[in-house]
Amino acid sequence: MSPSSRESNLAQFRESLLQLNTQLCMIVSERRFVSQKIQDLKGDSGRFARFDPEREKVIFEQLKDHLSELTIKELLAFSIIMEDQAMAMAPGSYPSWSTYTHLISPIKEPYGQINPLLIKMTHPEIFSLLSLTSEFSFLKDF
């Protein structure tokens with residue numbers, strides 16, 4: 001491959017990446033808008049009122065093939081987007097996975113900050129390593 005051809009390909013790939021990054025930002029913003037509409041309809045009734053593990057399990061099952069292709073850090077990003085958008089609507093009404101609210105003690109690995117249902121769906125072997133608090137121990141049988 002000639003240097004000019006390589007530069008041309010590099011420019012094309014960079015342009016494609018820029019377009020994808022733009023779309024990703026737009027999708028995250030759109031997701032926030034739709035999430036707000038859903039949260040408005042749910043209302044608020046106590047701690048973790050906006051956390052519906054059954055619904056999340058259904059979502060993760062539907063996305064399992066796509067989610068399984070992601071790296072742990074990409075899963076963390078996905079989980080944090082979900083958490084941040086749910087928490088922004090009603091602070092304290094959704095578990096703060098990223099701050100280890102579900103674990104007996106924090107772990108240094110990124111998977112410790114990911115929604116445990118997401119980990120259970122994509123990496124059951126890692127899920128089995130999590131020491132869940134009594135409040136979230138029901139997720140083991142979920």
# chains A, B, ... in the order shown; residues from 1 in each chain; ligands from 1
>>> residues_around(residues="stretch 103-111 of chain A", least_positions_apart="4", cutoff="10 Å", atoms="only C-alpha atoms", output="NGL selection string")
:A and (72-73 or 75-76 or 97-99 or 115-116 or 118-119 or 123 or 126-127 or 130-137)
>>> select_by_dssp(residues="stretch 59-115 of chain A", states="helix (DSSP H, G or I)", output="VMD selection string")
chain A and resid 59 to 62 64 to 68 72 to 89 97 to 99 110 to 113
>>> atom_distance(atom1="atom CA of A:Phe142", atom2="atom CA of A:Phe51")
14.1 Å
>>> residues_around(residues="stretch 80-96 of chain A", least_positions_apart="6", cutoff="12 Å", atoms="only C-alpha atoms", output="number ranges by chain")
A: 24-25, 27-53, 56, 59-60, 73-74, 102-103, 110-118, 135-136
>>> write_last_selection(atoms="C-alpha atoms", output="PDB file, in the first residue's frame")
ATOM      1  CA  LEU A  24     -23.177   7.979  19.830  1.00  0.00           C
ATOM      2  CA  CYS A  25     -23.509  11.364  21.554  1.00  0.00           C
ATOM      3  CA  ILE A  27     -28.107   8.483  20.933  1.00  0.00           C
ATOM      4  CA  VAL A  28     -27.054   9.026  24.561  1.00  0.00           C
ATOM      5  CA  SER A  29     -28.945  12.336  24.580  1.00  0.00           C
ATOM      6  CA  GLU A  30     -31.992  10.748  22.987  1.00  0.00           C
ATOM      7  CA  ARG A  31     -31.838   7.903  25.508  1.00  0.00           C
ATOM      8  CA  ARG A  32     -31.819  10.456  28.339  1.00  0.00           C
ATOM      9  CA  PHE A  33     -34.952  12.104  26.903  1.00  0.00           C
ATOM     10  CA  VAL A  34     -36.836   8.791  26.559  1.00  0.00           C
ATOM     11  CA  SER A  35     -35.639   7.664  29.984  1.00  0.00           C
ATOM     12  CA  GLN A  36     -37.018  10.873  31.499  1.00  0.00           C
ATOM     13  CA  LYS A  37     -40.421  10.214  29.945  1.00  0.00           C
ATOM     14  CA  ILE A  38     -40.436   6.673  31.358  1.00  0.00           C
ATOM     15  CA  GLN A  39     -39.353   7.874  34.808  1.00  0.00           C
ATOM     16  CA  ASP A  40     -42.100  10.518  34.790  1.00  0.00           C
ATOM     17  CA  LEU A  41     -44.681   7.793  34.199  1.00  0.00           C
ATOM     18  CA  LYS A  42     -43.267   5.510  36.901  1.00  0.00           C
ATOM     19  CA  GLY A  43     -43.546   7.995  39.722  1.00  0.00           C
ATOM     20  CA  ASP A  44     -41.609   7.699  42.949  1.00  0.00           C
ATOM     21  CA  SER A  45     -42.369   5.368  45.818  1.00  0.00           C
ATOM     22  CA  GLY A  46     -39.345   4.943  48.047  1.00  0.00           C
ATOM     23  CA  ARG A  47     -35.771   3.761  47.861  1.00  0.00           C
ATOM     24  CA  PHE A  48     -34.834   2.257  44.485  1.00  0.00           C
ATOM     25  CA  ALA A  49     -38.358   2.940  43.239  1.00  0.00           C
ATOM     26  CA  ARG A  50     -37.007   3.382  39.739  1.00  0.00           C
ATOM     27  CA  PHE A  51     -35.105   0.070  39.763  1.00  0.00           C
ATOM     28  CA  ASP A  52     -37.135  -2.669  38.126  1.00  0.00           C
ATOM     29  CA  PRO A  53     -34.897  -5.754  38.041  1.00  0.00           C
ATOM     30  CA  GLU A  56     -33.809  -4.833  33.274  1.00  0.00           C
ATOM     31  CA  ILE A  59     -33.819  -5.722  28.366  1.00  0.00           C
ATOM     32  CA  PHE A  60     -30.499  -7.458  28.941  1.00  0.00           C
ATOM     33  CA  LYS A  73     -15.028  -1.459  30.133  1.00  0.00           C
ATOM     34  CA  GLU A  74     -17.637  -1.002  27.397  1.00  0.00           C
ATOM     35  CA  HIS A 102     -24.512  -3.666  45.904  1.00  0.00           C
ATOM     36  CA  LEU A 103     -21.245  -5.128  47.209  1.00  0.00           C
ATOM     37  CA  PRO A 110     -14.183  -2.552  36.723  1.00  0.00           C
ATOM     38  CA  TYR A 111     -16.834  -5.292  36.812  1.00  0.00           C
ATOM     39  CA  GLY A 112     -17.528  -4.359  40.441  1.00  0.00           C
ATOM     40  CA  GLN A 113     -19.079  -1.100  39.254  1.00  0.00           C
ATOM     41  CA  ILE A 114     -21.351  -2.664  36.644  1.00  0.00           C
ATOM     42  CA  ASN A 115     -25.026  -3.426  37.134  1.00  0.00           C
ATOM     43  CA  PRO A 116     -24.873  -6.979  38.541  1.00  0.00           C
ATOM     44  CA  LEU A 117     -27.756  -8.144  36.330  1.00  0.00           C
ATOM     45  CA  LEU A 118     -25.762  -7.032  33.323  1.00  0.00           C
ATOM     46  CA  GLU A 135     -30.241  -6.033  50.045  1.00  0.00           C
ATOM     47  CA  PHE A 136     -29.169  -7.285  46.614  1.00  0.00           C
TER      48      PHE A 136
END
>>> atom_distance(atom1="atom CA of A:His66", atom2="atom CA of A:Phe78")
11.7 Å
>>> closest_residue(among="A:Leu70, A:Met26, A:Val58, A:Leu20", to="A:Thr122", atoms="only C-alpha atoms")
A:Leu70
>>> closest_residue(among="A:Glu61, A:Glu54, A:Glu15, A:Asp141", to="A:Met121", atoms="only C-alpha atoms")
A:Glu61
>>> atom_distance(atom1="atom CA of A:Lys120", atom2="atom CA of A:Leu139")
8.8 Å
